[in-house]
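The data block below is start29.cif; it holds mmCIF, C-alpha atoms.
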```cif
data_entry
#
loop_
_atom_site.group_PDB
_atom_site.id
_atom_site.type_symbol
_atom_site.label_atom_id
_atom_site.label_comp_id
_atom_site.auth_asym_id
_atom_site.auth_seq_id
_atom_site.Cartn_x
_atom_site.Cartn_y
_atom_site.Cartn_z
ATOM 1 C CA MET A 1 -146.462 153.739 -5.223
ATOM 2 C CA THR A 2 -144.089 150.750 -5.362
ATOM 3 C CA GLN A 3 -143.241 151.479 -9.006
ATOM 4 C CA GLU A 4 -142.562 155.143 -8.155
ATOM 5 C CA LYS A 5 -140.222 154.113 -5.331
ATOM 6 C CA LEU A 6 -138.388 151.610 -7.569
ATOM 7 C CA GLY A 7 -138.122 154.274 -10.259
ATOM 8 C CA LYS A 8 -136.436 156.688 -7.813
ATOM 9 C CA ILE A 9 -134.017 153.995 -6.661
ATOM 10 C CA LEU A 10 -133.032 153.100 -10.217
ATOM 11 C CA SER A 11 -132.742 156.770 -11.157
ATOM 12 C CA SER A 12 -130.119 157.184 -8.434
ATOM 13 C CA VAL A 13 -128.407 154.014 -9.674
ATOM 14 C CA ALA A 14 -128.246 155.479 -13.197
ATOM 15 C CA LYS A 15 -126.712 158.722 -11.896
ATOM 16 C CA LYS A 16 -124.116 156.753 -9.922
ATOM 17 C CA MET A 17 -123.276 154.614 -12.968
ATOM 18 C CA HIS A 18 -122.674 157.776 -15.013
ATOM 19 C CA ALA A 19 -120.599 159.362 -12.218
ATOM 20 C CA ASP A 20 -118.527 156.203 -11.651
ATOM 21 C CA PHE A 21 -117.884 155.858 -15.369
ATOM 22 C CA GLU A 22 -116.788 159.479 -15.731
ATOM 23 C CA GLN A 23 -114.493 159.092 -12.718
ATOM 24 C CA SER A 24 -112.996 155.858 -14.055
ATOM 25 C CA LYS A 25 -111.873 157.574 -17.267
ATOM 26 C CA ALA A 26 -109.538 159.767 -15.202
ATOM 27 C CA PHE A 27 -107.633 156.747 -13.845
ATOM 28 C CA LYS A 28 -106.315 154.985 -16.915
ATOM 29 C CA HIS A 29 -103.825 152.869 -14.932
ATOM 30 C CA HIS A 30 -106.774 151.013 -13.348
ATOM 31 C CA GLY A 31 -108.046 149.851 -16.736
ATOM 32 C CA GLY A 32 -109.445 151.270 -19.949
ATOM 33 C CA ALA A 33 -112.872 152.763 -20.521
ATOM 34 C CA GLY A 34 -114.061 149.444 -21.932
ATOM 35 C CA THR A 35 -113.215 147.570 -18.740
ATOM 36 C CA SER A 36 -114.932 150.237 -16.626
ATOM 37 C CA ARG A 37 -118.138 150.315 -18.655
ATOM 38 C CA GLU A 38 -118.353 146.508 -18.611
ATOM 39 C CA ALA A 39 -117.770 146.370 -14.841
ATOM 40 C CA LEU A 40 -120.488 148.958 -14.182
ATOM 41 C CA THR A 41 -122.979 147.231 -16.489
ATOM 42 C CA HIS A 42 -122.092 143.851 -15.003
ATOM 43 C CA SER A 43 -122.766 145.213 -11.514
ATOM 44 C CA PHE A 44 -126.222 146.452 -12.555
ATOM 45 C CA LEU A 45 -127.142 143.211 -14.329
ATOM 46 C CA THR A 46 -126.061 141.150 -11.341
ATOM 47 C CA GLY A 47 -128.474 143.076 -9.143
ATOM 48 C CA TYR A 48 -131.545 142.742 -11.366
ATOM 49 C CA LEU A 49 -131.306 139.457 -13.261
ATOM 50 C CA PRO A 50 -133.398 136.520 -11.997
ATOM 51 C CA SER A 51 -131.435 134.442 -9.502
ATOM 52 C CA HIS A 52 -130.892 131.465 -11.832
ATOM 53 C CA VAL A 53 -129.146 133.689 -14.429
ATOM 54 C CA GLU A 54 -125.546 134.858 -13.940
ATOM 55 C CA ALA A 55 -123.730 137.686 -15.757
ATOM 56 C CA ILE A 56 -120.018 137.147 -16.434
ATOM 57 C CA HIS A 57 -117.250 138.740 -18.466
ATOM 58 C CA ASP A 58 -113.785 137.558 -19.547
ATOM 59 C CA ALA A 59 -115.301 134.559 -21.305
ATOM 60 C CA GLU A 60 -115.842 133.066 -24.729
ATOM 61 C CA ILE A 61 -118.675 130.866 -25.957
ATOM 62 C CA LEU A 62 -117.772 127.453 -27.351
ATOM 63 C CA ALA A 63 -120.078 125.247 -29.425
ATOM 64 C CA VAL A 64 -119.819 121.469 -29.630
ATOM 65 C CA THR A 65 -118.894 121.873 -33.306
ATOM 66 C CA GLY A 66 -115.703 123.684 -32.277
ATOM 67 C CA ASP A 67 -117.018 127.077 -33.386
ATOM 68 C CA VAL A 68 -116.296 129.988 -31.055
ATOM 69 C CA SER A 69 -118.231 133.250 -30.735
ATOM 70 C CA PRO A 70 -116.631 136.641 -31.232
ATOM 71 C CA GLN A 71 -115.499 138.095 -27.920
ATOM 72 C CA CYS A 72 -118.629 139.295 -26.084
ATOM 73 C CA ASP A 73 -118.530 142.020 -23.453
ATOM 74 C CA ILE A 74 -120.913 140.218 -21.068
ATOM 75 C CA VAL A 75 -122.404 136.728 -21.292
ATOM 76 C CA LEU A 76 -125.589 135.723 -19.441
ATOM 77 C CA ILE A 77 -125.470 132.064 -18.425
ATOM 78 C CA ASP A 78 -127.272 129.479 -16.345
ATOM 79 C CA ARG A 79 -125.966 129.619 -12.777
ATOM 80 C CA ASP A 80 -125.259 125.858 -12.841
ATOM 81 C CA THR A 81 -122.824 126.201 -15.758
ATOM 82 C CA PRO A 82 -119.666 124.114 -15.065
ATOM 83 C CA PRO A 83 -116.715 126.393 -14.162
ATOM 84 C CA LEU A 84 -114.415 125.589 -17.083
ATOM 85 C CA THR A 85 -111.504 128.051 -16.878
ATOM 86 C CA THR A 86 -108.006 128.607 -18.189
ATOM 87 C CA LEU A 87 -104.993 129.115 -15.930
ATOM 88 C CA ASN A 88 -105.611 132.873 -16.056
ATOM 89 C CA GLY A 89 -109.239 132.530 -14.954
ATOM 90 C CA TYR A 90 -110.694 133.114 -18.432
ATOM 91 C CA ARG A 91 -113.953 131.155 -18.672
ATOM 92 C CA MET A 92 -115.000 128.836 -21.478
ATOM 93 C CA ILE A 93 -118.801 128.645 -21.668
ATOM 94 C CA PRO A 94 -120.534 125.728 -23.427
ATOM 95 C CA ASN A 95 -123.093 127.355 -25.708
ATOM 96 C CA GLU A 96 -125.909 125.206 -24.317
ATOM 97 C CA CYS A 97 -125.578 127.129 -21.018
ATOM 98 C CA VAL A 98 -125.809 130.585 -22.607
ATOM 99 C CA TYR A 99 -129.015 132.613 -22.264
ATOM 100 C CA GLY A 100 -127.818 135.900 -23.725
ATOM 101 C CA VAL A 101 -124.995 138.247 -24.706
ATOM 102 C CA VAL A 102 -124.695 141.959 -23.962
ATOM 103 C CA GLU A 103 -122.604 144.389 -25.984
ATOM 104 C CA VAL A 104 -121.570 147.428 -23.919
ATOM 105 C CA LYS A 105 -120.505 150.689 -25.584
ATOM 106 C CA THR A 106 -119.193 154.035 -24.342
ATOM 107 C CA LYS A 107 -120.781 156.127 -27.106
ATOM 108 C CA LEU A 108 -122.814 154.144 -29.607
ATOM 109 C CA ASP A 109 -122.736 155.189 -33.252
ATOM 110 C CA GLY A 110 -123.721 153.513 -36.504
ATOM 111 C CA ASP A 111 -120.477 151.564 -36.979
ATOM 112 C CA GLN A 112 -120.479 150.275 -33.387
ATOM 113 C CA LEU A 113 -124.134 149.320 -33.648
ATOM 114 C CA ARG A 114 -123.498 147.308 -36.818
ATOM 115 C CA ASP A 115 -120.512 145.617 -35.152
ATOM 116 C CA SER A 116 -122.668 144.718 -32.119
ATOM 117 C CA CYS A 117 -125.398 143.330 -34.374
ATOM 118 C CA GLU A 118 -122.866 141.145 -36.193
ATOM 119 C CA LYS A 119 -121.507 139.765 -32.909
ATOM 120 C CA ILE A 120 -124.983 139.029 -31.564
ATOM 121 C CA SER A 121 -125.975 137.324 -34.829
ATOM 122 C CA LYS A 122 -122.866 135.118 -34.801
ATOM 123 C CA ALA A 123 -123.299 134.180 -31.135
ATOM 124 C CA ARG A 124 -126.949 133.255 -31.695
ATOM 125 C CA ALA A 125 -126.042 131.110 -34.727
ATOM 126 C CA LEU A 126 -123.837 128.769 -32.668
ATOM 127 C CA GLN A 127 -125.250 125.250 -32.355
ATOM 128 C CA LYS A 128 -126.963 124.079 -29.153
ATOM 129 C CA SER A 129 -127.267 120.287 -29.089
ATOM 130 C CA ALA A 130 -125.197 118.779 -26.244
ATOM 131 C CA TYR A 131 -128.037 118.046 -23.839
ATOM 132 C CA ARG A 132 -128.975 114.866 -22.009
ATOM 133 C CA PRO A 133 -132.497 113.808 -22.992
ATOM 134 C CA ILE A 134 -135.194 113.902 -20.327
ATOM 135 C CA ARG A 135 -138.102 111.520 -20.551
ATOM 136 C CA GLY A 136 -141.427 113.270 -20.292
ATOM 137 C CA LEU A 137 -144.860 113.410 -21.812
ATOM 138 C CA ILE A 138 -144.696 117.116 -22.684
ATOM 139 C CA PRO A 139 -141.427 118.340 -24.259
ATOM 140 C CA ARG A 140 -140.456 121.873 -23.279
ATOM 141 C CA THR A 141 -140.104 124.514 -25.990
ATOM 142 C CA THR A 142 -139.561 128.266 -26.385
ATOM 143 C CA THR A 143 -141.100 130.418 -29.121
ATOM 144 C CA ALA A 144 -139.058 133.428 -30.257
ATOM 145 C CA TYR A 145 -137.919 135.163 -33.453
ATOM 146 C CA GLY A 146 -140.831 133.582 -35.325
ATOM 147 C CA ARG A 147 -139.713 130.016 -34.545
ATOM 148 C CA THR A 148 -140.139 127.316 -31.916
ATOM 149 C CA TYR A 149 -137.026 125.875 -30.244
ATOM 150 C CA ASP A 150 -136.463 122.859 -28.007
ATOM 151 C CA TYR A 151 -134.024 125.021 -26.005
ATOM 152 C CA PHE A 152 -133.820 128.667 -24.867
ATOM 153 C CA PRO A 153 -132.295 130.617 -27.793
ATOM 154 C CA THR A 154 -129.519 133.114 -27.115
ATOM 155 C CA SER A 155 -130.764 136.682 -26.577
ATOM 156 C CA GLY A 156 -128.753 139.742 -27.588
ATOM 157 C CA PHE A 157 -128.774 143.294 -26.210
ATOM 158 C CA VAL A 158 -126.787 146.485 -26.688
ATOM 159 C CA VAL A 159 -126.275 148.832 -23.703
ATOM 160 C CA ALA A 160 -124.530 152.193 -24.112
ATOM 161 C CA PHE A 161 -123.553 155.020 -21.769
ATOM 162 C CA ASP A 162 -124.119 157.567 -24.549
ATOM 163 C CA SER A 163 -124.933 157.592 -28.261
ATOM 164 C CA ILE A 164 -125.760 159.612 -31.326
ATOM 165 C CA LYS A 165 -129.446 160.535 -31.642
ATOM 166 C CA LEU A 166 -131.763 157.605 -30.976
ATOM 167 C CA GLU A 167 -133.655 158.344 -34.168
ATOM 168 C CA THR A 168 -130.414 158.081 -36.158
ATOM 169 C CA LEU A 169 -129.500 154.843 -34.365
ATOM 170 C CA ALA A 170 -132.917 153.451 -35.251
ATOM 171 C CA GLY A 171 -132.248 154.189 -38.906
ATOM 172 C CA HIS A 172 -128.922 152.320 -38.759
ATOM 173 C CA LEU A 173 -130.588 149.388 -37.018
ATOM 174 C CA MET A 174 -133.393 149.191 -39.590
ATOM 175 C CA ASP A 175 -130.822 149.291 -42.395
ATOM 176 C CA TRP A 176 -128.838 146.435 -40.853
ATOM 177 C CA CYS A 177 -131.914 144.294 -40.184
ATOM 178 C CA HIS A 178 -133.439 144.866 -43.639
ATOM 179 C CA GLY A 179 -133.435 141.625 -45.606
ATOM 180 C CA ARG A 180 -132.238 139.554 -42.638
ATOM 181 C CA ASP A 181 -134.200 136.967 -40.712
ATOM 182 C CA PRO A 182 -135.402 138.145 -37.241
ATOM 183 C CA ILE A 183 -133.210 135.393 -35.742
ATOM 184 C CA GLU A 184 -130.274 137.717 -36.500
ATOM 185 C CA TRP A 185 -131.763 140.921 -35.049
ATOM 186 C CA PRO A 186 -130.774 142.187 -31.585
ATOM 187 C CA ASP A 187 -133.584 142.047 -29.022
ATOM 188 C CA SER A 188 -133.207 145.693 -27.992
ATOM 189 C CA VAL A 189 -130.814 148.660 -27.706
ATOM 190 C CA TRP A 190 -130.513 150.741 -24.503
ATOM 191 C CA VAL A 191 -128.822 154.138 -24.031
ATOM 192 C CA LEU A 192 -128.496 155.721 -20.588
ATOM 193 C CA GLY A 193 -130.035 159.174 -20.402
ATOM 194 C CA LYS A 194 -131.767 158.879 -23.792
ATOM 195 C CA GLY A 195 -134.042 155.863 -24.131
ATOM 196 C CA TYR A 196 -134.236 152.543 -25.902
ATOM 197 C CA LEU A 197 -135.143 150.811 -29.159
ATOM 198 C CA GLN A 198 -137.390 147.749 -28.949
ATOM 199 C CA TRP A 199 -139.501 145.740 -31.372
ATOM 200 C CA ALA A 200 -143.263 146.173 -31.299
ATOM 201 C CA ASP A 201 -146.558 145.156 -32.833
ATOM 202 C CA PRO A 202 -146.972 147.355 -35.948
ATOM 203 C CA LYS A 203 -150.701 147.880 -35.276
ATOM 204 C CA SER A 204 -151.077 148.219 -31.514
ATOM 205 C CA GLY A 205 -147.571 149.408 -30.678
ATOM 206 C CA ALA A 206 -147.337 146.806 -27.884
ATOM 207 C CA LEU A 207 -143.689 146.038 -27.156
ATOM 208 C CA TYR A 208 -142.373 142.551 -27.931
ATOM 209 C CA ARG A 209 -139.924 140.676 -25.754
ATOM 210 C CA SER A 210 -138.041 139.578 -28.897
ATOM 211 C CA PRO A 211 -138.341 140.527 -32.578
ATOM 212 C CA SER A 212 -140.630 138.534 -34.839
ATOM 213 C CA PRO A 213 -141.433 138.652 -38.568
ATOM 214 C CA GLY A 214 -143.300 141.836 -39.464
ATOM 215 C CA ALA A 215 -142.384 143.648 -36.241
ATOM 216 C CA SER A 216 -141.832 147.409 -36.267
ATOM 217 C CA LEU A 217 -139.090 149.208 -34.360
ATOM 218 C CA MET A 218 -140.231 151.459 -31.523
ATOM 219 C CA GLN A 219 -138.221 154.358 -30.075
ATOM 220 C CA VAL A 220 -138.995 154.949 -26.396
ATOM 221 C CA ASP A 221 -137.535 158.128 -24.896
ATOM 222 C CA ALA A 222 -136.366 158.027 -21.289
ATOM 223 C CA ILE A 223 -138.242 159.950 -18.635
ATOM 224 C CA PRO A 224 -135.622 162.484 -17.416
ATOM 225 C CA ASP A 225 -135.946 161.746 -13.698
ATOM 226 C CA GLN A 226 -136.100 157.974 -14.220
ATOM 227 C CA ASP A 227 -133.627 157.222 -17.032
ATOM 228 C CA ILE A 228 -133.818 153.754 -18.653
ATOM 229 C CA LEU A 229 -132.930 151.491 -15.739
ATOM 230 C CA LEU A 230 -136.487 150.834 -14.542
ATOM 231 C CA PRO A 231 -137.718 149.603 -17.958
ATOM 232 C CA LEU A 232 -134.408 147.752 -18.446
ATOM 233 C CA ALA A 233 -134.742 146.003 -15.073
ATOM 234 C CA LEU A 234 -138.339 145.032 -15.867
ATOM 235 C CA HIS A 235 -137.343 143.875 -19.356
ATOM 236 C CA LEU A 236 -134.549 141.675 -17.979
ATOM 237 C CA ASN A 237 -136.930 140.095 -15.500
ATOM 238 C CA ILE A 238 -139.578 139.422 -18.156
ATOM 239 C CA HIS A 239 -137.041 138.155 -20.660
ATOM 240 C CA PHE A 240 -135.137 135.769 -18.401
ATOM 241 C CA SER A 241 -137.590 134.756 -15.673
ATOM 242 C CA ASP A 242 -138.529 131.724 -17.780
ATOM 243 C CA ALA A 243 -135.028 131.028 -19.150
ATOM 244 C CA TRP A 244 -134.291 127.297 -18.911
ATOM 245 C CA MET A 245 -131.946 124.586 -20.145
ATOM 246 C CA HIS A 246 -131.863 120.806 -20.394
ATOM 247 C CA PRO A 247 -129.101 119.029 -18.409
ATOM 248 C CA LEU A 248 -125.773 119.677 -20.115
ATOM 249 C CA ASP A 249 -123.937 116.728 -21.679
ATOM 250 C CA LEU A 250 -120.188 117.470 -21.758
ATOM 251 C CA LEU A 251 -119.241 114.187 -23.451
ATOM 252 C CA PRO A 252 -119.761 115.520 -27.000
ATOM 253 C CA TYR A 253 -117.260 118.292 -26.194
ATOM 254 C CA ALA A 254 -114.676 115.606 -25.369
ATOM 255 C CA ALA A 255 -115.489 113.411 -28.389
ATOM 256 C CA ALA A 256 -112.193 114.127 -30.145
ATOM 257 C CA THR A 257 -110.121 113.695 -26.985
ATOM 258 C CA SER A 258 -109.015 110.312 -25.676
ATOM 259 C CA LEU A 259 -110.279 109.657 -22.163
ATOM 260 C CA GLY A 260 -107.760 106.866 -21.573
ATOM 261 C CA THR A 261 -106.667 103.501 -23.030
ATOM 262 C CA PRO A 262 -108.710 100.424 -22.011
ATOM 263 C CA SER A 263 -106.285 97.731 -20.821
ATOM 264 C CA LYS A 264 -108.204 95.180 -18.735
ATOM 265 C CA GLN A 265 -111.793 94.107 -18.241
ATOM 266 C CA TRP A 266 -113.400 91.908 -15.590
ATOM 267 C CA LYS A 267 -116.641 90.010 -16.036
ATOM 268 C CA PHE A 268 -118.878 87.996 -13.725
#
```

How would this structure read if it were set down as structure tokens?
Amino acid sequence: MTQEKLGKILSSVAKKMHADFEQSKAFKHHGGAGTSREALTHSFLTGYLPSHVEAIHDAEILAVTGDVSPQCDIVLIDRDTPPLTTLNGYRMIPNECVYGVVEVKTKLDGDQLRDSCEKISKARALQKSAYRPIRGLIPRTTTAYGRTYDYFPTSGFVVAFDSIKLETLAGHLMDWCHGRDPIEWPDSVWVLGKGYLQWADPKSGALYRSPSPGASLMQVDAIPDQDILLPLALHLNIHFSDAWMHPLDLLPYAAATSLGTPSKQWKF
């Protein structure tokens, strides 16, 4: 009963997202279609992400090595991330604080899917090392993409308002992932009104939270009256409810910058 009620609520949310997006395209002076689709997706994510995870846009991800991610439509970060901004309000996010990236598309096709996969792969490859160590008997780890990490690895999703046929998209995704390590694969692809692509156990068909070696790709068609927002909301909760990070150490980011010139010292 509760699931049915939530499904109806999210179905109405999906219809409103579509209607708002269609309306926004008629008012170009208020921003392009890209800005509108990102704002609508950001609004949905904000309402259904766990409370310790924040969705932001107008940001870039910076690694302690100096590497910078390609521009991401939406970045999912720890809510305690320090507010490092430029004069124009553009945020710089230390990669250690990043939980995921979301690529948002108006109408997803093969070229846009490949571009999204490349961006997700590059963002996930950025180094995470600037943490303050915590003494403890049991070190915390996360297992994903066939590996075990001593941090929460960056997740990557694609969300689209429309697309070519899901089956065709799946073919493009399989082609891009072929020969690549699962650490490069996107976690899932979601298309309003159509369905989603998610990795699964090749024998049982059970859906995986993240891809792993040997996984198969599953196409799940949306239920017409429900759309994809109920499974997407549940997936976000499952995926990020246990997202975590060690305390951030900003000193390595300032290693190449002088913090002042020592001039005097007093001793007892």

Could you tell me how far atom CA of A:Pro247 lies from atom CA of A:Val98, in Å and to one decimal? 12.7 Å

Quick one: everything within 9 Å of A:Glu167, counting only C-alpha atoms, minus sequence neighbours fewer than 4 positions away in the same chain. Send it as a PyMOL selection string. chain A and resi 171-172+219

Would you mind listing what lies within 10 Å of A:Asp201 as number ranges by chain, with only C-alpha atoms counted and same-chain residues fewer than 5 positions away left out? A: 206-208, 211-212, 214-218

If we count only C-alpha atoms, what is near A:Trp244 at a cut-off of 12 Å, once residues fewer than 4 positions away on the same chain are taken out, given as a ChimeraX atom specification? /A:50,52-53,77-81,96-100,140-142,149-154,239-240,248

Ground truth for the PyMOL selection byres ((chain A and resi 195) around 7), written as a PDB file with C-alpha atoms, keeping the file's coordinate frame:
```pdb
ATOM      1  CA  TRP A 190    -130.513 150.741 -24.503  1.00  0.00           C
ATOM      2  CA  VAL A 191    -128.822 154.138 -24.031  1.00  0.00           C
ATOM      3  CA  LEU A 192    -128.496 155.721 -20.588  1.00  0.00           C
ATOM      4  CA  GLY A 193    -130.035 159.174 -20.402  1.00  0.00           C
ATOM      5  CA  LYS A 194    -131.767 158.879 -23.792  1.00  0.00           C
ATOM      6  CA  TYR A 196    -134.236 152.543 -25.902  1.00  0.00           C
ATOM      7  CA  VAL A 220    -138.995 154.949 -26.396  1.00  0.00           C
ATOM      8  CA  ASP A 221    -137.535 158.128 -24.896  1.00  0.00           C
ATOM      9  CA  ALA A 222    -136.366 158.027 -21.289  1.00  0.00           C
ATOM     10  CA  ILE A 228    -133.818 153.754 -18.653  1.00  0.00           C
TER      11      ILE A 228
END
```

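Residues captured in this structure file are Glu60, Ile61, Leu62, Ala63, Val64, Thr65, Gly66, Asp67, Ser69, Pro70, Gln71, Met92, Ile93, Pro94, Asn95, Lys122, Ala123 and Leu126 of chain A, according to the PyMOL selection byres ((chain A and resi 68) around 10).
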
May I have the residues within 10 Å of A:Val159 as an mmCIF file with C-alpha atoms, keeping the file's coordinate frame, using all atoms listed in the file and disregarding those fewer than 4 positions away in the same chain?
```cif
data_model
loop_
_atom_site.group_PDB
_atom_site.id
_atom_site.type_symbol
_atom_site.label_atom_id
_atom_site.label_comp_id
_atom_site.auth_asym_id
_atom_site.auth_seq_id
_atom_site.Cartn_x
_atom_site.Cartn_y
_atom_site.Cartn_z
ATOM 1 C CA ARG A 37 -118.138 150.315 -18.655
ATOM 2 C CA GLU A 38 -118.353 146.508 -18.611
ATOM 3 C CA THR A 41 -122.979 147.231 -16.489
ATOM 4 C CA VAL A 102 -124.695 141.959 -23.962
ATOM 5 C CA GLU A 103 -122.604 144.389 -25.984
ATOM 6 C CA VAL A 104 -121.570 147.428 -23.919
ATOM 7 C CA LYS A 105 -120.505 150.689 -25.584
ATOM 8 C CA THR A 106 -119.193 154.035 -24.342
ATOM 9 C CA LYS A 107 -120.781 156.127 -27.106
ATOM 10 C CA LEU A 108 -122.814 154.144 -29.607
ATOM 11 C CA SER A 163 -124.933 157.592 -28.261
ATOM 12 C CA SER A 188 -133.207 145.693 -27.992
ATOM 13 C CA VAL A 189 -130.814 148.660 -27.706
ATOM 14 C CA TRP A 190 -130.513 150.741 -24.503
ATOM 15 C CA VAL A 191 -128.822 154.138 -24.031
ATOM 16 C CA LEU A 192 -128.496 155.721 -20.588
ATOM 17 C CA TYR A 196 -134.236 152.543 -25.902
ATOM 18 C CA LEU A 232 -134.408 147.752 -18.446
#
```

Grab the atom CA of A:Ser12 to atom CA of A:His57 distance for me, in Å with one decimal place. 24.6 Å

Atom CA of A:Ile74 and atom CA of A:Lys16, how far apart in Å? 20.2 Å

For this file, the PyMOL selection byres ((chain A and resi 116) around 10) selects which residues, as a ChimeraX atom specification? /A:72-73,102-105,108,110-115,117-122,156-158,186

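Comparing the minimum interatomic distances between A:Ala55 and each of A:Asp181, A:Ser129, A:Leu236, A:Asp162, counting only C-alpha atoms, we find that A:Leu236 sits nearest.
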
Among listed residues A:Arg135, A:Arg91, A:Arg209, A:Lys264, nearest A:Asn237 (using all atoms listed in the file):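 When distances to A:Asn237 are compared using all atoms listed in the file, the smallest one comes from A:Arg209.
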
Find, counting only C-alpha atoms, the residue in A:Trp266, A:Trp185, A:Trp199, A:Phe44 that gets nearest to A:Ser155. A:Trp185

Listed atoms of stretch 71-76 of chain A boxed along x, y and z, 6 Å each side, centre and edge lengths in Å, one decimal, as AutoDock Vina command-line options:
```
--center_x -120.5 --center_y 138.9 --center_z -23.7 --size_x 22.1 --size_y 18.3 --size_z 20.5
```

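Look at A:Ala255: the protein and nucleic acid residues within 12 Å of it, using only C-alpha atoms and passing over chain neighbours fewer than 2 places away, are Val64, Thr65, Gly66, Ala130, Asp249, Leu250, Leu251, Pro252, Tyr253, Thr257, Ser258 and Leu259 of chain A.
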
Find, counting all atoms listed in the file, the residue in A:Ile183, A:Ser204, A:Ile56, A:Leu76 that gets nearest to A:Ala243.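 Among A:Ile183, A:Ser204, A:Ile56, A:Leu76, it is A:Leu76 that comes nearest to A:Ala243.
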
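In terms of minimum interatomic distance to A:Tyr90, A:Asp58 ranks closest within A:Pro139, A:Lys15, A:Asp58, A:Asp109, counting all atoms listed in the file.
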
Will you model N, CA and C atoms for stretch 64-79 of chain A and pass it back as a JSON list (two decimals), in the coordinates of the input?
```json
[["chain", "number", "residue", "atom", "x", "y", "z"],
["A", 64, "VAL", "N", -120.30, 122.84, -29.54],
["A", 64, "VAL", "CA", -119.82, 121.47, -29.63],
["A", 64, "VAL", "C", -119.17, 121.20, -30.99],
["A", 65, "THR", "N", -119.49, 122.01, -31.98],
["A", 65, "THR", "CA", -118.89, 121.87, -33.31],
["A", 65, "THR", "C", -117.47, 122.38, -33.36],
["A", 66, "GLY", "N", -117.02, 123.07, -32.30],
["A", 66, "GLY", "CA", -115.70, 123.68, -32.28],
["A", 66, "GLY", "C", -115.73, 125.16, -32.63],
["A", 67, "ASP", "N", -116.89, 125.66, -33.08],
["A", 67, "ASP", "CA", -117.02, 127.08, -33.39],
["A", 67, "ASP", "C", -116.99, 127.90, -32.10],
["A", 68, "VAL", "N", -116.41, 129.09, -32.21],
["A", 68, "VAL", "CA", -116.30, 129.99, -31.06],
["A", 68, "VAL", "C", -116.91, 131.33, -31.42],
["A", 69, "SER", "N", -117.61, 131.95, -30.49],
["A", 69, "SER", "CA", -118.23, 133.25, -30.74],
["A", 69, "SER", "C", -117.17, 134.33, -30.79],
["A", 70, "PRO", "N", -117.49, 135.47, -31.42],
["A", 70, "PRO", "CA", -116.63, 136.64, -31.23],
["A", 70, "PRO", "C", -116.61, 137.00, -29.75],
["A", 71, "GLN", "N", -115.58, 137.71, -29.32],
["A", 71, "GLN", "CA", -115.50, 138.10, -27.92],
["A", 71, "GLN", "C", -116.69, 138.97, -27.56],
["A", 72, "CYS", "N", -117.45, 138.55, -26.54],
["A", 72, "CYS", "CA", -118.63, 139.29, -26.08],
["A", 72, "CYS", "C", -118.28, 140.04, -24.80],
["A", 73, "ASP", "N", -118.84, 141.24, -24.64],
["A", 73, "ASP", "CA", -118.53, 142.02, -23.45],
["A", 73, "ASP", "C", -119.05, 141.33, -22.19],
["A", 74, "ILE", "N", -120.31, 140.91, -22.21],
["A", 74, "ILE", "CA", -120.91, 140.22, -21.07],
["A", 74, "ILE", "C", -121.74, 139.06, -21.60],
["A", 75, "VAL", "N", -121.63, 137.91, -20.92],
["A", 75, "VAL", "CA", -122.40, 136.73, -21.29],
["A", 75, "VAL", "C", -123.33, 136.38, -20.14],
["A", 76, "LEU", "N", -124.60, 136.12, -20.44],
["A", 76, "LEU", "CA", -125.59, 135.72, -19.44],
["A", 76, "LEU", "C", -125.76, 134.22, -19.53],
["A", 77, "ILE", "N", -125.51, 133.52, -18.41],
["A", 77, "ILE", "CA", -125.47, 132.06, -18.42],
["A", 77, "ILE", "C", -126.32, 131.48, -17.31],
["A", 78, "ASP", "N", -126.61, 130.19, -17.43],
["A", 78, "ASP", "CA", -127.27, 129.48, -16.34],
["A", 78, "ASP", "C", -126.32, 129.38, -15.16],
["A", 79, "ARG", "N", -126.83, 129.59, -13.96],
["A", 79, "ARG", "CA", -125.97, 129.62, -12.78],
["A", 79, "ARG", "C", -125.33, 128.26, -12.48]]
```
